[in-house]
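Reading through the structure tokens given below for one structure.
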Amino acid sequence: MCTSTPVDEYGRPGVRRSAARCLVAALLAGAALPLTAVAPALAQDQDDAAETTDGVMERITVTARRRDESLQDVPIAVSAVSGERLEQVGAPDITYLTQSIPNTTLKVSRGTNSTLTAFIRGVGQQDPVAGFESGVGIYIDDVYLNRPQGAVLDIYDVERVEVLRGPQGTLYGRNTVGGALKYVTRRLGDEPRLKLRGSAGTFGQFDIIGTAEVPVTDNFAVGGSVAYLSRKGYGDNLTTGEENYNKDILAFRGSAEFNNETVSVRLSGDYLKDKSNPKGGHRVIPGLLTGAPVLDDVFDARGGITGENEAEAYGAALHISIELNDRWTIKNIAAYRKDDNIQQIDFDSLPSADVDVPVIYENEQWTEELQLLYESDAIAGLVGFYYIDAQAFDVFDVVLDVVGTAIGLPGLNANTLGNVDTASWSIFGDFTFDLEEIIGLDGVELAVGGRYTSDKRTSRVLRRTFIGGNTPEFGGTSSALLATTSDFNGSETFTDFSPRVSLAWSPNINHNFYVSYAQGFKGGSFDPRGQSSAVLIDLDGDGDVDDDDVFEFFLFEPEEVDSYEVGWKSTLAEGRVTSNLAVFYADYTNVQIPGSQGGTDPMTGAPTFIGVTTNAGGAEFFGIEWEGTADVANDIFTAGDNFSFAWGGGWIDADYTQFESGVPPVDISDLRVIQNTPEWSGAVTTTYRRPLEVFSQTGSIALISSLSWKSLTHQFEVPNELIDQEAYALFDASLVWTSDDGRFQVGIHGKNLTDKEYIVAGYNFLAQNVDGSFVQPLTPALGVEGIQTVFFGPPRTVTGTVQIIF
């Protein structure tokens with residue numbers, strides 16, 4: 001029902017919907033029913049297979065095992081979506097995939113515009129500060145991104161995106177415990193090509209993308225793309241007058257490629273500058289001190305923080321491949337990446353500086369990967385060496401002016417500087433043995449792999465308390481040092497061997513059954529927000545509190561995942577239907593739980609925050625994923641038309657088995673939840689295509705609709721009734737005409753057509769009881785206004801696109 005409800009127990013206004021909005025929602029919901037009745041399906045790894053040729057699904061090629069293979073032949077849970085399909089549905093960036101890929105969460109991190117939070121099968125990391133490494137590996141053309149800043153990759157010049165679920169390491173440069181997301185850019189062709197794509201839409205959206213490539217000789221070509229992506233805000237900052245949730249991005253990508261029969265060389269580079277405004281959050285409770293009411297529009301904000309807000313990221317990579325003979329190939333990938341970010345985050349989202357956090361991130365990495373690949377009729381695989389030298393630096397103020405002024409410390413500022421160096425090397429290998437060729441076992445293949453990793457972390461954490469407001473890094477001119485509460489230096493090396501094994505059986509070309517085991521490893525590090533003055537007890541058991549106890553307080557241990565999977569991939573109905581089913585179980589140990597909490601500094605007696613990162617103990621995940629496509633009918637209403645659909649759904653039972661908290665430790669696992677991991681996720685996508693001639697140009701028009709849903713999603717490990725997102729659904733639709741020769745395309749794309757308001761991230765600094773309920777009356781844990789600030793996914797948008805290829 002579309003109703004208005006009164007203010008609730010937390011002082012929040014009820015939902016207000018206009019009669020027109022209610023009517024639109026009802027009509028769209030009614031329109032969706034026939035589609036979902038035909039088939040509950042979604043656009044995901046099989047989206048591309050919805051393209052048919054004479055009623056037969058086209059082959060999808062992936063490189064999940066570092067060689068070209070059909071998606072149906074790979075004994076791994078992998079989803080793949082082509083760049084062409086992403087353009088057809090008007091996908092703005094890679095977070096769009098979260099709607100369609102089971103048990104996967106991809107979202108823009110809280111308070112940022114281009115930092116990525118990624119979770120796969122319950123494993124991930126949402127804290128972007130130095131020292132915390134993602135549990136999901138992000139790759140651009142097989143180059144691993146060590147940090148999440150700048151990883152919200154926009155969709156342009158992309159060949160495909162692959163999402164691998166489960167631990168990866170025996171085939172890829174960096175070991176990851178949750179999975180990998182591979183962004184594969186388009187390779188250059190052998191003919192001159194110019195592609196222009198323009199988009200305009202609601203909220204002042206204006207995007208222009210140009211791509212050009214030119215063969216210089218028969219073996220050498222150069223090309224590149226430039227993209228300007230812009231949008232006005234979904235709302236406004238009522239204090240500063242700036243647009244909120246706007247977009248202002250300029251990006252470049254270019255490459256030079258040489259290819260002959262035995263040698264391939266590709267030099268590529270990319271650049272991005274994001275000048276979008278600071279993103280202000282929405283308070284879901286009134287101010288506890290001022291009584292500032294909750295705003296009606298969830299995209300409006302009224303934070304008072306100002307200052308420079310910009311992200312810049314760039315990198316270069318050199319790929320070399322030499323075919324030594326018809327069986328042996330050597331490959332090398334050398335890459336450099338750097339990004340610089342300054343962000344203004346107003347935790348309290350109020351005009352006063354209750355909890356204002358300007359932050360600078362500076363990340364730099366060098367990577368080197370050498371592979372030796374072998375392929376014959378009986379054996380295929382590789383051995384490799386990987387090295388990464390990375391530096392992650394951040395510095396941020398936490399300005400607590402309101403409470404500071406009240407206690408005689410105006411402009412109170414808990415400043416933190418963190419610098420983490422990573423030097424990691426690995427040796428890995430993975431080989432697949434065709435047992436039919438070797439010992440005559442029909443259709444059976446055995447894959448065995450392993451990886452040895454050595455991670456060295458060297459960390460510096462400097463925490464100082466100032467008065468007088470921002471430090472000079474953020475434009476302050478009158479700050480004065482009150483105390484140094486941490487000056488930590490530490491180094492530790494973590495080593496691990498991670499095995500993988502799978503057994504697959506294909507009784508015929510239409511069915512592939514497999515069972516696999518893989519182990520994932522993520523090294524430990526040091527809490528970049530730790531405060532040594534908070535160490536008041538003996539942690540190492542030697543009878544006194546000293547530097548060794550401080551070291552133990554800052555250190556958190558590696559985490560591991562043992563993952564077991566059974567799968568069945570099939571092609572049915574003479575190639576008209578594909579179905580991929582996977583059942584998995586994962587045992588997750590030493591789970592790294594980063595966090596921060598309000599407290600009092602023992603040195604100064606002033607309010608502050610304290611980083612607390614622990615190894616929770618353990619968690620278990622059991623789940624099912626089912627994805628597929630079906631070519632339903634051809635020549636339905638007219639010759640040459642076609643109706644197809646794709647589906648994908650996931651269920652995961654994710655629970656902590658051990659979660660120790662307090663001193664002495666107490667297991668509270670039954671009171672904790674897995675964050676960013678809804679129990680149910682899925683989507684359905686339908687596509688109806690028919691021939692249509694426009695201005696004497698033959699072509700086809702496609703109506704594409706998708707309905708996606710996610711169940712209750714927790715933002716943190718502690719349940720929170722104010723900011724956890726209840727179950728929700730999103731409905732999208734596109735109408736796209738494409739000429740038969742592929743040169744022209746015109747489309748209109750509607751996203752979130754029911755205008756659903758849904759939370760994707762948030763901040764919580766209210767005192768909670770151990771079971772997650774809030775201390776009554778509501779009590780601030782940091783600052784004085786009480787922080788329950790959330791960020792929302794995009795509202796309803798409509799975009800028109802025009803594309804021309806010369």
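Chain lettering (A, B, ...) mirrors the order of the structure tokens, residue numbering begins at 1 for each chain separately, and ligand numbering begins at 1 in order of display.
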Spatial neighbours of region 370-378 of chain A, 9 Å, only C-alpha atoms, chain gap at least 4 places, as a list in words: Arg66, Asp326, Arg327, Trp328, Thr329, Ile330, Lys331, Asn332, Ile333, Ala334, Leu382, Val383, Gly384, Phe385, Tyr386, Phe431, Thr432, Phe433, Asp434, Leu435, Glu436, Glu437 and Ile438 of chain A
Non-local contacts of Gly404 (chain A) (12 Å; only C-alpha atoms; under 2 positions in same chain excluded) as a ChimeraX atom specification: /A:353-355,398-402,406-414,465-469,604-608,782-784
Hey, could you make a per-residue contact list for region 272-334 of chain A against region 220-243 of chain A with 8 Å as the cut-off, showing the nearest pair of atoms and its distance in Å to one decimal, counting only C-alpha atoms, sorted by chain and number, as JSON lines?
```
{"residue": "A:Asn277", "atom": "CA", "partner": "A:Glu243", "partner_atom": "CA", "distance": 7.0}
{"residue": "A:Gly280", "atom": "CA", "partner": "A:Asn237", "partner_atom": "CA", "distance": 7.1}
{"residue": "A:Asp297", "atom": "CA", "partner": "A:Gly235", "partner_atom": "CA", "distance": 7.6}
{"residue": "A:Val298", "atom": "CA", "partner": "A:Gly235", "partner_atom": "CA", "distance": 8.0}
{"residue": "A:Phe299", "atom": "CA", "partner": "A:Gly235", "partner_atom": "CA", "distance": 4.6}
{"residue": "A:Asp300", "atom": "CA", "partner": "A:Gly235", "partner_atom": "CA", "distance": 4.6}
{"residue": "A:Ala301", "atom": "CA", "partner": "A:Asn237", "partner_atom": "CA", "distance": 4.6}
{"residue": "A:Arg302", "atom": "CA", "partner": "A:Thr239", "partner_atom": "CA", "distance": 4.8}
{"residue": "A:Gly303", "atom": "CA", "partner": "A:Thr239", "partner_atom": "CA", "distance": 6.4}
{"residue": "A:Gly304", "atom": "CA", "partner": "A:Thr239", "partner_atom": "CA", "distance": 6.0}
{"residue": "A:Thr306", "atom": "CA", "partner": "A:Thr240", "partner_atom": "CA", "distance": 7.7}
```
Nearest to Ile652 (chain A) among A:Arg121, A:His714, A:Arg460, A:Lys522, with distances taken over only C-alpha atoms: which residue is it?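 The shortest atom-to-atom distance to Ile652 (chain A) comes from A:Arg121.
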Which of these residues is nearest to Val746 (chain A), using only C-alpha atoms: A:Pro192, A:Gly381, A:Gly198, A:Gly150?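 Nearest candidate to Val746 (chain A) out of A:Pro192, A:Gly381, A:Gly198, A:Gly150: A:Gly198.
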Looking only at alpha helix (DSSP H) from DSSP on the backbone, list the matching residues of region 475-675 of chain A as a CSV table (one decimal) with N, CA, C and O atoms, in the first residue's frame.
```
chain,number,residue,atom,x,y,z
A,547,ASP,N,55.8,-2.6,25.3
A,547,ASP,CA,55.7,-2.5,23.8
A,547,ASP,C,55.2,-3.8,23.1
A,547,ASP,O,54.6,-3.8,22.1
A,548,ASP,N,55.5,-4.9,23.8
A,548,ASP,CA,55.1,-6.2,23.2
A,548,ASP,C,53.6,-6.3,23.2
A,548,ASP,O,52.9,-6.8,22.3
A,549,ASP,N,53.0,-5.7,24.3
A,549,ASP,CA,51.5,-5.7,24.3
A,549,ASP,C,50.9,-4.8,23.3
A,549,ASP,O,49.8,-5.1,22.7
A,550,VAL,N,51.6,-3.7,23.1
A,550,VAL,CA,51.1,-2.7,22.0
A,550,VAL,C,51.2,-3.4,20.7
A,550,VAL,O,50.2,-3.3,19.9
A,551,PHE,N,52.2,-4.2,20.4
A,551,PHE,CA,52.4,-4.9,19.2
A,551,PHE,C,51.2,-5.9,19.0
A,551,PHE,O,50.6,-6.0,17.9
A,552,GLU,N,50.9,-6.6,20.0
A,552,GLU,CA,49.8,-7.6,20.0
A,552,GLU,C,48.5,-6.9,19.8
A,552,GLU,O,47.6,-7.5,19.1
A,553,PHE,N,48.3,-5.7,20.3
A,553,PHE,CA,47.1,-5.0,20.2
A,553,PHE,C,46.9,-4.6,18.7
A,553,PHE,O,45.8,-4.6,18.2
A,554,PHE,N,47.9,-4.1,18.1
A,554,PHE,CA,47.8,-3.6,16.7
A,554,PHE,C,47.7,-4.8,15.7
A,554,PHE,O,47.1,-4.6,14.7
```
Could you please determine the separation between CA of Arg85 (chain A) and CA of Gln745 (chain A) in Å, to one decimal place? 12.5 Å
Can you tell me how far CA of Tyr271 (chain A) sits from CA of Lys338 (chain A), in Å to one decimal?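 These two atoms are separated by 9.8 Å.
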Spatial neighbours of region 718-722 of chain A, max dist 8 Å, only C-alpha atoms, sep filter under 3 positions, as a ChimeraX atom specification: /A:284,671-673,714-715,771-773,788
What does the structure give for the distance between CA of Glu693 (chain A) and CA of Val798 (chain A), in Å to one decimal?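 Going from CA of Glu693 (chain A) over to CA of Val798 (chain A), I get 24.6 Å.
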Running DSSP on the backbone, which parts of region 597-771 of chain A land in strand (DSSP E or B), as a PyMOL selection string? chain A and resi 597-600+607-611+614-615+617-634+642-661+666-667+680-691+694+697+699-710+713+725+728-739+744-751+759-766+768
Given the selection you just returned, output its residues as a file containing C-alpha atoms, formatted as a CSV table (one decimal), in the first residue's frame.
```csv
chain,number,residue,atom,x,y,z
A,597,GLN,CA,34.5,2.8,18.5
A,598,GLY,CA,34.1,5.9,20.6
A,599,GLY,CA,36.0,6.1,23.9
A,600,THR,CA,38.1,8.3,26.1
A,607,PRO,CA,36.8,11.9,23.8
A,608,THR,CA,38.3,10.1,20.9
A,609,PHE,CA,37.8,7.0,18.7
A,610,ILE,CA,39.8,3.8,18.9
A,611,GLY,CA,40.4,1.3,16.2
A,614,THR,CA,40.0,-8.6,15.8
A,615,ASN,CA,40.1,-12.1,14.4
A,617,GLY,CA,37.2,-16.8,15.3
A,618,GLY,CA,35.2,-18.6,12.6
A,619,ALA,CA,32.2,-18.6,10.3
A,620,GLU,CA,30.5,-21.2,8.1
A,621,PHE,CA,28.7,-20.6,4.8
A,622,PHE,CA,26.5,-23.1,3.0
A,623,GLY,CA,24.7,-22.1,-0.2
A,624,ILE,CA,23.2,-22.8,-3.6
A,625,GLU,CA,23.5,-20.9,-6.8
A,626,TRP,CA,21.5,-21.5,-10.0
A,627,GLU,CA,21.9,-19.6,-13.2
A,628,GLY,CA,20.7,-20.3,-16.7
A,629,THR,CA,19.2,-19.1,-19.9
A,630,ALA,CA,16.4,-20.3,-22.2
A,631,ASP,CA,15.6,-19.5,-25.8
A,632,VAL,CA,11.8,-19.9,-25.4
A,633,ALA,CA,10.4,-19.3,-28.9
A,634,ASN,CA,11.1,-18.0,-32.4
A,642,ASN,CA,12.5,-14.3,-30.5
A,643,PHE,CA,11.8,-14.4,-26.8
A,644,SER,CA,14.4,-15.6,-24.3
A,645,PHE,CA,15.1,-15.2,-20.6
A,646,ALA,CA,17.9,-15.6,-18.2
A,647,TRP,CA,17.7,-16.4,-14.5
A,648,GLY,CA,20.1,-16.5,-11.5
A,649,GLY,CA,19.4,-17.0,-7.9
A,650,GLY,CA,21.4,-17.6,-4.8
A,651,TRP,CA,20.7,-18.8,-1.2
A,652,ILE,CA,23.4,-18.7,1.5
A,653,ASP,CA,23.2,-19.7,5.2
A,654,ALA,CA,26.0,-17.6,6.7
A,655,ASP,CA,26.7,-17.7,10.4
A,656,TYR,CA,29.5,-17.1,12.8
A,657,THR,CA,30.5,-20.2,14.7
A,658,GLN,CA,32.9,-18.3,17.0
A,659,PHE,CA,33.0,-14.5,17.7
A,660,GLU,CA,35.1,-13.6,20.7
A,661,SER,CA,34.7,-10.2,22.3
A,666,VAL,CA,33.4,-14.3,25.5
A,667,ASP,CA,31.9,-16.1,22.5
A,680,TRP,CA,18.5,-14.6,-0.8
A,681,SER,CA,19.5,-12.9,-4.0
A,682,GLY,CA,18.4,-13.3,-7.5
A,683,ALA,CA,17.0,-11.8,-10.7
A,684,VAL,CA,15.2,-12.6,-13.9
A,685,THR,CA,15.7,-11.0,-17.3
A,686,THR,CA,13.5,-11.3,-20.3
A,687,THR,CA,14.4,-10.3,-23.8
A,688,TYR,CA,12.0,-9.9,-26.7
A,689,ARG,CA,13.6,-9.1,-30.1
A,690,ARG,CA,12.1,-8.6,-33.5
A,691,PRO,CA,13.2,-7.2,-36.9
A,694,VAL,CA,14.4,2.3,-39.6
A,697,GLN,CA,18.3,0.5,-42.4
A,699,GLY,CA,17.9,-3.9,-37.8
A,700,SER,CA,16.2,-5.3,-34.8
A,701,ILE,CA,14.6,-3.9,-31.7
A,702,ALA,CA,14.8,-5.5,-28.3
A,703,LEU,CA,12.7,-5.0,-25.2
A,704,ILE,CA,14.8,-6.1,-22.1
A,705,SER,CA,13.3,-6.1,-18.6
A,706,SER,CA,14.9,-7.4,-15.4
A,707,LEU,CA,13.6,-7.8,-11.9
A,708,SER,CA,16.2,-8.3,-9.1
A,709,TRP,CA,15.7,-8.9,-5.4
A,710,LYS,CA,17.7,-9.2,-2.2
A,713,THR,CA,21.1,-7.0,4.3
A,725,GLN,CA,18.2,-2.8,4.7
A,728,TYR,CA,13.7,-5.1,-1.6
A,729,ALA,CA,13.3,-5.5,-5.4
A,730,LEU,CA,14.4,-3.4,-8.3
A,731,PHE,CA,12.8,-3.3,-11.7
A,732,ASP,CA,14.7,-2.1,-14.9
A,733,ALA,CA,13.7,-2.0,-18.5
A,734,SER,CA,15.5,-1.1,-21.8
A,735,LEU,CA,14.2,-0.6,-25.4
A,736,VAL,CA,17.1,-0.8,-27.8
A,737,TRP,CA,17.3,-0.7,-31.6
A,738,THR,CA,20.5,-2.0,-33.3
A,739,SER,CA,21.2,-2.1,-37.0
A,744,PHE,CA,24.0,2.2,-35.2
A,745,GLN,CA,22.3,1.7,-31.9
A,746,VAL,CA,19.6,3.8,-30.2
A,747,GLY,CA,18.2,2.9,-26.7
A,748,ILE,CA,16.3,4.1,-23.8
A,749,HIS,CA,17.0,2.7,-20.3
A,750,GLY,CA,15.0,2.9,-17.2
A,751,LYS,CA,16.6,1.9,-13.9
A,759,ILE,CA,20.3,1.6,1.8
A,760,VAL,CA,23.6,0.4,0.5
A,761,ALA,CA,26.0,1.7,3.3
A,762,GLY,CA,26.1,3.6,6.5
A,763,TYR,CA,27.8,4.8,9.7
A,764,ASN,CA,26.8,3.8,13.2
A,765,PHE,CA,28.0,5.5,16.4
A,766,LEU,CA,25.2,4.9,18.8
A,768,GLN,CA,24.3,-0.7,21.5
```
Pick out the residues sitting within 10 Å of region 318-321 of chain A, and hand them over as a VMD selection string; count only C-alpha atoms, and ignore anything fewer than 3 positions along from it in its own chain. chain A and resid 141 to 143 255 to 259 262 to 269 324 329 to 336 368 to 372
Those same residues - N, CA, C and O atoms - I'd like them written as a CSV table (one decimal), in the first residue's frame.
```
chain,number,residue,atom,x,y,z
A,141,ASP,N,42.5,-6.3,-16.7
A,141,ASP,CA,43.3,-7.0,-17.6
A,141,ASP,C,44.4,-7.8,-16.9
A,141,ASP,O,45.6,-7.7,-17.2
A,142,ASP,N,44.0,-8.5,-15.9
A,142,ASP,CA,44.8,-9.4,-15.1
A,142,ASP,C,45.8,-8.7,-14.2
A,142,ASP,O,46.7,-9.3,-13.6
A,143,VAL,N,45.6,-7.4,-14.0
A,143,VAL,CA,46.5,-6.6,-13.1
A,143,VAL,C,45.6,-6.4,-11.8
A,143,VAL,O,44.6,-5.8,-11.9
A,255,SER,N,46.0,2.0,-25.7
A,255,SER,CA,46.9,0.8,-25.8
A,255,SER,C,47.6,0.9,-27.2
A,255,SER,O,47.1,1.4,-28.2
A,256,ALA,N,48.7,0.2,-27.2
A,256,ALA,CA,49.5,-0.1,-28.4
A,256,ALA,C,49.8,-1.6,-28.5
A,256,ALA,O,50.3,-2.1,-27.5
A,257,GLU,N,49.4,-2.2,-29.6
A,257,GLU,CA,49.5,-3.7,-29.6
A,257,GLU,C,50.3,-4.2,-30.8
A,257,GLU,O,50.1,-3.7,-31.9
A,258,PHE,N,51.2,-5.1,-30.6
A,258,PHE,CA,51.9,-5.8,-31.7
A,258,PHE,C,51.6,-7.3,-31.6
A,258,PHE,O,51.7,-7.9,-30.5
A,259,ASN,N,51.3,-7.8,-32.7
A,259,ASN,CA,51.0,-9.3,-32.8
A,259,ASN,C,51.5,-9.9,-34.1
A,259,ASN,O,51.3,-9.3,-35.2
A,262,THR,N,53.8,-15.6,-33.3
A,262,THR,CA,54.4,-16.1,-32.1
A,262,THR,C,54.5,-15.1,-30.9
A,262,THR,O,54.6,-15.6,-29.8
A,263,VAL,N,54.5,-13.9,-31.2
A,263,VAL,CA,54.7,-12.9,-30.2
A,263,VAL,C,53.5,-11.9,-30.1
A,263,VAL,O,53.0,-11.4,-31.2
A,264,SER,N,53.1,-11.6,-28.9
A,264,SER,CA,52.1,-10.6,-28.7
A,264,SER,C,52.6,-9.6,-27.6
A,264,SER,O,53.0,-10.1,-26.5
A,265,VAL,N,52.5,-8.3,-27.9
A,265,VAL,CA,53.0,-7.3,-26.9
A,265,VAL,C,51.9,-6.3,-26.8
A,265,VAL,O,51.4,-5.8,-27.9
A,266,ARG,N,51.5,-5.9,-25.6
A,266,ARG,CA,50.4,-4.9,-25.4
A,266,ARG,C,50.9,-4.0,-24.3
A,266,ARG,O,51.1,-4.4,-23.2
A,267,LEU,N,51.0,-2.7,-24.7
A,267,LEU,CA,51.3,-1.7,-23.7
A,267,LEU,C,50.0,-0.9,-23.5
A,267,LEU,O,49.5,-0.3,-24.5
A,268,SER,N,49.5,-0.8,-22.3
A,268,SER,CA,48.2,-0.1,-22.1
A,268,SER,C,48.3,0.8,-20.9
A,268,SER,O,49.2,0.7,-20.0
A,269,GLY,N,47.5,1.8,-20.9
A,269,GLY,CA,47.5,2.8,-19.8
A,269,GLY,C,46.1,3.3,-19.6
A,269,GLY,O,45.2,3.3,-20.5
A,324,LEU,N,56.5,-20.4,-27.5
A,324,LEU,CA,57.8,-21.0,-27.7
A,324,LEU,C,57.6,-22.1,-28.7
A,324,LEU,O,58.6,-22.3,-29.6
A,329,THR,N,54.1,-21.7,-23.8
A,329,THR,CA,54.0,-20.3,-24.0
A,329,THR,C,54.5,-19.6,-22.7
A,329,THR,O,54.2,-20.1,-21.6
A,330,ILE,N,55.2,-18.5,-22.9
A,330,ILE,CA,55.6,-17.7,-21.7
A,330,ILE,C,54.9,-16.4,-21.8
A,330,ILE,O,54.8,-15.8,-22.8
A,331,LYS,N,54.4,-15.9,-20.6
A,331,LYS,CA,53.8,-14.6,-20.5
A,331,LYS,C,54.3,-13.8,-19.4
A,331,LYS,O,54.7,-14.4,-18.3
A,332,ASN,N,54.3,-12.5,-19.5
A,332,ASN,CA,54.8,-11.7,-18.4
A,332,ASN,C,53.9,-10.4,-18.4
A,332,ASN,O,53.5,-9.9,-19.4
A,333,ILE,N,53.5,-10.1,-17.2
A,333,ILE,CA,52.7,-8.9,-16.9
A,333,ILE,C,53.4,-8.0,-15.9
A,333,ILE,O,53.5,-8.4,-14.8
A,334,ALA,N,53.8,-6.9,-16.4
A,334,ALA,CA,54.4,-5.9,-15.5
A,334,ALA,C,53.5,-4.7,-15.4
A,334,ALA,O,53.1,-4.2,-16.5
A,335,ALA,N,53.3,-4.2,-14.2
A,335,ALA,CA,52.3,-3.1,-14.1
A,335,ALA,C,52.7,-2.1,-13.0
A,335,ALA,O,53.3,-2.5,-12.0
A,336,TYR,N,52.2,-0.9,-13.1
A,336,TYR,CA,52.4,0.2,-12.1
A,336,TYR,C,51.0,0.9,-12.0
A,336,TYR,O,50.4,1.2,-13.0
A,368,GLU,N,54.6,-7.6,-10.7
A,368,GLU,CA,55.3,-8.4,-11.7
A,368,GLU,C,54.7,-9.9,-11.7
A,368,GLU,O,54.7,-10.5,-10.6
A,369,GLU,N,54.3,-10.4,-12.8
A,369,GLU,CA,53.8,-11.7,-12.9
A,369,GLU,C,54.4,-12.4,-14.1
A,369,GLU,O,54.3,-11.9,-15.2
A,370,LEU,N,55.0,-13.6,-13.9
A,370,LEU,CA,55.6,-14.4,-14.9
A,370,LEU,C,54.9,-15.7,-14.9
A,370,LEU,O,54.8,-16.4,-13.9
A,371,GLN,N,54.5,-16.1,-16.1
A,371,GLN,CA,53.7,-17.4,-16.3
A,371,GLN,C,54.4,-18.2,-17.4
A,371,GLN,O,54.8,-17.7,-18.4
A,372,LEU,N,54.4,-19.5,-17.1
A,372,LEU,CA,54.8,-20.5,-18.1
A,372,LEU,C,53.7,-21.4,-18.3
A,372,LEU,O,53.3,-22.2,-17.4
```
